[in-house]
Amino acid sequence: MKAPIVRFAPSPTGRIHIGNARTALFNWLFAKRSGGRFVLRFDDTDQERSREEYAQSIAVDLNWLGIHPDLTVRQSQRFALYDAAAQKLRDAGLLYPCYETADELDRRRKRQITRGQPPIYDRAALSLTQADHDQFKAQGRKPHWRFKLESKTIEWVDLVRGPSHIECASLSDPVLIREDGTYLYTLPSVVDDIDLGITHVIRGEDHVTNTAVQIQLFETLSGAGAAPQFGHHNLLASSSGEGLSKRSGALSITGLREAGIESLAVASLAVLTGSSDSVHAIANLEALLETFDLAHVSRNSAKFDPAELDSLSARTLHALEAEAVRARLAQLGVTGEDITPFWLAVRSNLTSLADAKLWWTVIHGEITPVIEDADFANAAAELLPPEPLDQHSWSQWTAKVKETTGRKGKALFHPLRLALTGQDQGPELAVLLPLIGKLKASARLHGRVS
Ligand code: GLU
């Protein structure tokens, strides 16, 4: 098989959400599994609603998710190609001008429904005479343009849904160009898919109904068999019924990143929800490659609980190796020759990576110890074992403190934790103590900021 070329084609009219991430990741995984290429295509023909800031945030969001496009294109820079394709269709008599207003079409549809007919465009514009056209022109009316569908059954084997078909006789001839000359999504998408050599179109099942029209356009513009393979996956829906919408910003990737959610948790949830593999913490995106198969994506709705993201994110973090977080820790100011012991000591205690900063300060910086009983803390300080401290030091030390002071259980351990870390809870002290070191531990037990 030729290496696949796929595309993710958001319109930059808002921020992408976890449902869009599902589409992007499906494409990415599909391409990477077979050494293929991933194209990011901004569908920005609607210049009123598209914004550069959204295009940029989408690119940042994809990078954060671990998707680095091999190529990025913008439809707004490709109008010449669409104009040429439209002309080709006009020349073939397959793109025809229509003058009906939205109101007129609406009335006609209602009449059809009352008569029990399907509300399909009746192609009245095809019967307009030259005189009619001249009259519309003289009135200054501008046409919209429809693609004349061939009345046949379009069949394809969907990568997710299996054998699929649509009767084109049940469809209205689609409008490709609006009155103001702007393109709707349909034609530019097909023209780009042809021009960029897209081999597989993987997208949400809300696009199934476009497929017959698009396959006809592929065949008209590029010959029989020119259409890529299609795969329509089920859409993510939150179990609370909260819709995912680019406009509302619900569960946007930017928002999740800013909330400190791990990108790998977002990826796991976005990809594995509704698959035969259950959602779990992953160490890298490649881990998803092993089980990824579009054919295994369920056709039922893919419901997920947004609240699951927090715990999945924490579990993801707990299993990451120091190498995987080194660069991000450095951005938090957590940096040193060997961060591995630090990371291994604290990772299972983190909810989000930013919490690591606190424990870095506890180990390497200055904190204000919390001393509840100075006599007890001073006594404990005197009993600290000599350096070097190791993983046994804590139990040896606390055994002595217990013996000397008569304290045990919480009354023994809690004041030591408060003095050594300034915190009520945290990573195991047996692991922390050697990292804090005797000097700091002693100073803190004596109540000194250190
Ligand atoms: N811009 C379209 C969307 O965001 C792309 C659909 C497609 O992948 O063909 O829904």
# chains A, B, ... in the order shown; residues from 1 in each chain; ligands from 1

$ residues_near_ligand --ligand "ligand 1" --cutoff "10 Å" --atoms "only C-alpha atoms and all ligand atoms" --output "count of residues only"
37

$ residues_around --residues "Arg315 of chain A" --least-positions-apart "6" --cutoff "12 Å" --atoms "only C-alpha atoms" --output "ChimeraX atom specification"
/A:261-262,264-265,268,279-283,308-309,347-353

$ write_last_selection --atoms "C-alpha atoms" --output "PDB file, in the first residue's frame"
ATOM      1  CA  ILE A 261      -4.307  18.350  32.482  1.00  0.00           C
ATOM      2  CA  GLU A 262      -1.664  16.089  30.920  1.00  0.00           C
ATOM      3  CA  LEU A 264      -1.460  12.197  27.199  1.00  0.00           C
ATOM      4  CA  ALA A 265      -4.570  11.929  29.353  1.00  0.00           C
ATOM      5  CA  SER A 268      -6.005   8.571  25.759  1.00  0.00           C
ATOM      6  CA  VAL A 279      -9.158   4.296  28.652  1.00  0.00           C
ATOM      7  CA  HIS A 280      -5.885   4.076  30.604  1.00  0.00           C
ATOM      8  CA  ALA A 281      -2.774   6.066  31.452  1.00  0.00           C
ATOM      9  CA  ILE A 282      -0.262   5.978  28.592  1.00  0.00           C
ATOM     10  CA  ALA A 283       3.446   6.825  28.545  1.00  0.00           C
ATOM     11  CA  GLU A 308     -12.447  11.356  34.602  1.00  0.00           C
ATOM     12  CA  LEU A 309      -9.807  13.614  33.083  1.00  0.00           C
ATOM     13  CA  ARG A 347       5.579  11.970  41.178  1.00  0.00           C
ATOM     14  CA  SER A 348       3.007   9.733  42.819  1.00  0.00           C
ATOM     15  CA  ASN A 349       1.922  12.643  44.953  1.00  0.00           C
ATOM     16  CA  LEU A 350       1.198  15.073  42.150  1.00  0.00           C
ATOM     17  CA  THR A 351      -2.174  16.030  40.782  1.00  0.00           C
ATOM     18  CA  SER A 352      -0.645  18.298  38.203  1.00  0.00           C
ATOM     19  CA  LEU A 353       2.943  18.823  37.154  1.00  0.00           C
TER      20      LEU A 353
END

$ residues_around --residues "segment 72-89 of chain A" --least-positions-apart "3" --cutoff "9 Å" --atoms "only C-alpha atoms" --output "PyMOL selection string"
chain A and resi 38-47+69+92-96+147+176-177+183+187-189+191-192+195+220-221

$ select_by_dssp --residues "segment 162-280 of chain A" --states "strand (DSSP E or B)" --output "tab-separated table (two decimals) with C-alpha atoms, in the first residue's frame"
chain	number	residue	atom	x	y	z
A	162	GLY	CA	-18.09	-0.81	6.65
A	163	PRO	CA	-20.09	-1.01	3.39
A	164	SER	CA	-22.11	2.18	3.04
A	165	HIS	CA	-24.26	3.74	0.35
A	166	ILE	CA	-26.29	6.85	-0.37
A	167	GLU	CA	-28.97	7.29	-3.03
A	175	VAL	CA	-24.96	24.72	-3.45
A	176	LEU	CA	-21.21	25.06	-4.01
A	177	ILE	CA	-20.97	28.84	-4.40
A	183	TYR	CA	-17.37	28.94	-1.55
A	200	HIS	CA	-7.84	8.69	3.41
A	201	VAL	CA	-10.45	11.11	4.70
A	202	ILE	CA	-11.04	10.37	8.39
A	203	ARG	CA	-13.62	12.58	10.03
A	204	GLY	CA	-16.67	12.67	12.27
A	229	GLN	CA	-11.11	6.14	1.18
A	230	PHE	CA	-13.47	7.48	3.80
A	231	GLY	CA	-13.77	6.69	7.49
A	232	HIS	CA	-16.45	8.29	9.66
A	233	HIS	CA	-15.99	7.88	13.37
A	236	LEU	CA	-17.43	12.18	21.48
A	237	ALA	CA	-20.17	13.30	23.80
A	238	SER	CA	-19.83	14.08	27.46
A	252	SER	CA	-11.28	23.18	24.67

$ residues_around --residues "segment 417-425 of chain A" --least-positions-apart "6" --cutoff "7 Å" --atoms "only C-alpha atoms" --output "number ranges by chain"
A: 362, 367-371, 441, 444-445

$ residues_around --residues "Leu244 of chain A" --least-positions-apart "3" --cutoff "12 Å" --atoms "only C-alpha atoms" --output "list in words"
Gly14, Arg15, Ile16, His17, Ile18, Gly19, Asn20, Ala21, Arg22, Leu235, Leu236, Ala237, Ser238, Ser239, Ser240, Gly241, Arg247, Ser248, Gly249, Ala250, Leu251, Ser252, Ile253, Lys303, Phe304 and Pro306 of chain A

$ closest_residue --among "A:Arg111, A:Thr361, A:Glu366, A:Tyr99" --to "Gln139 of chain A" --atoms "only C-alpha atoms"
A:Tyr99

$ residues_around --residues "segment 132-135 of chain A" --least-positions-apart "5" --cutoff "9 Å" --atoms "only C-alpha atoms" --output "ChimeraX atom specification"
/A:97,99,140-141

$ write_last_selection --atoms "all heavy atoms" --output "tab-separated table (two decimals), in the first residue's frame"
chain	number	residue	atom	x	y	z
A	97	PRO	N	-26.47	28.11	-12.41
A	97	PRO	CA	-26.87	29.27	-11.59
A	97	PRO	C	-28.34	29.18	-11.18
A	97	PRO	O	-29.19	28.78	-11.97
A	97	PRO	CB	-26.64	30.45	-12.51
A	97	PRO	CG	-26.76	29.90	-13.90
A	97	PRO	CD	-26.37	28.45	-13.85
A	99	TYR	N	-31.47	31.34	-8.80
A	99	TYR	CA	-31.77	32.68	-8.27
A	99	TYR	C	-32.77	32.66	-7.12
A	99	TYR	O	-33.15	33.71	-6.63
A	99	TYR	CB	-32.31	33.57	-9.40
A	99	TYR	CG	-31.25	33.91	-10.43
A	99	TYR	CD1	-31.02	33.05	-11.51
A	99	TYR	CD2	-30.47	35.05	-10.32
A	99	TYR	CE1	-30.05	33.33	-12.44
A	99	TYR	CE2	-29.49	35.34	-11.25
A	99	TYR	CZ	-29.28	34.48	-12.31
A	99	TYR	OH	-28.31	34.76	-13.23
A	140	GLY	N	-30.06	43.09	-11.24
A	140	GLY	CA	-28.90	43.10	-10.34
A	140	GLY	C	-28.85	41.91	-9.41
A	140	GLY	O	-28.14	41.92	-8.40
A	141	ARG	N	-29.63	40.87	-9.73
A	141	ARG	CA	-29.61	39.69	-8.84
A	141	ARG	C	-28.44	38.79	-9.17
A	141	ARG	O	-28.11	38.59	-10.34
A	141	ARG	CB	-30.94	38.94	-8.94
A	141	ARG	CG	-32.01	39.67	-8.16
A	141	ARG	CD	-33.36	39.06	-8.33
A	141	ARG	NE	-33.46	37.76	-7.66
A	141	ARG	CZ	-34.63	37.12	-7.50
A	141	ARG	NH1	-35.74	37.65	-7.97
A	141	ARG	NH2	-34.66	35.94	-6.91

$ select_by_dssp --residues "segment 266-442 of chain A" --states "helix (DSSP H, G or I)" --output "ChimeraX atom specification"
/A:266-272,286-289,294-296,308-319,322-331,340-349,353-364,374-382,393-405,409-421,429-436,438-442

$ atom_distance --atom1 "atom CA of Leu429 of chain A" --atom2 "atom CA of Val449 of chain A"
18.9 Å

$ residues_around --residues "Ala379 of chain A" --least-positions-apart "5" --cutoff "10 Å" --atoms "only C-alpha atoms" --output "number ranges by chain"
A: 374, 384, 401, 404-405, 445-446

$ write_last_selection --atoms "all heavy atoms" --output "CSV table (one decimal), in the first residue's frame"
chain,number,residue,atom,x,y,z
A,374,ALA,N,8.0,22.9,70.3
A,374,ALA,CA,9.5,23.1,70.1
A,374,ALA,C,10.3,22.1,70.8
A,374,ALA,O,11.4,21.7,70.3
A,374,ALA,CB,9.8,24.6,70.5
A,384,LEU,N,18.9,13.1,64.9
A,384,LEU,CA,19.1,12.8,63.5
A,384,LEU,C,20.4,12.0,63.3
A,384,LEU,O,21.4,12.4,63.9
A,384,LEU,CB,19.2,14.2,62.7
A,384,LEU,CG,17.9,14.8,62.3
A,384,LEU,CD1,18.1,16.2,61.8
A,384,LEU,CD2,17.2,14.0,61.2
A,401,VAL,N,13.5,8.5,68.1
A,401,VAL,CA,12.6,9.6,68.6
A,401,VAL,C,11.5,9.0,69.4
A,401,VAL,O,11.2,9.5,70.5
A,401,VAL,CB,12.1,10.5,67.4
A,401,VAL,CG1,11.2,11.6,68.0
A,401,VAL,CG2,13.3,11.0,66.6
A,404,THR,N,12.9,7.9,72.8
A,404,THR,CA,13.2,9.0,73.7
A,404,THR,C,12.1,9.8,74.2
A,404,THR,O,12.0,10.2,75.3
A,404,THR,CB,14.2,9.9,72.9
A,404,THR,OG1,15.2,9.1,72.3
A,404,THR,CG2,14.9,10.9,73.9
A,405,THR,N,11.1,10.0,73.3
A,405,THR,CA,10.0,11.0,73.6
A,405,THR,C,8.8,10.2,74.1
A,405,THR,O,7.8,10.8,74.6
A,405,THR,CB,9.6,11.9,72.4
A,405,THR,OG1,9.1,11.0,71.4
A,405,THR,CG2,10.8,12.7,72.0
A,445,LEU,N,13.9,21.6,62.1
A,445,LEU,CA,13.4,21.1,63.4
A,445,LEU,C,13.6,22.2,64.5
A,445,LEU,O,12.9,22.2,65.5
A,445,LEU,CB,14.1,19.8,63.7
A,445,LEU,CG,13.6,18.6,62.9
A,445,LEU,CD1,14.5,17.5,62.9
A,445,LEU,CD2,12.2,18.2,63.3
A,446,HIS,N,14.7,23.0,64.3
A,446,HIS,CA,14.9,24.1,65.2
A,446,HIS,C,14.1,25.3,64.9
A,446,HIS,O,14.3,26.4,65.5
A,446,HIS,CB,16.4,24.4,65.3
A,446,HIS,CG,17.2,23.3,66.0
A,446,HIS,ND1,18.2,22.6,65.5
A,446,HIS,CD2,17.1,22.9,67.3
A,446,HIS,CE1,18.7,21.7,66.3
A,446,HIS,NE2,18.1,21.9,67.5

$ atom_distance --atom1 "atom CA of Ala224 of chain A" --atom2 "atom CA of Ala3 of chain A"
21.2 Å

$ atom_distance --atom1 "atom CA of Ser313 of chain A" --atom2 "atom CA of Ile58 of chain A"
21.2 Å
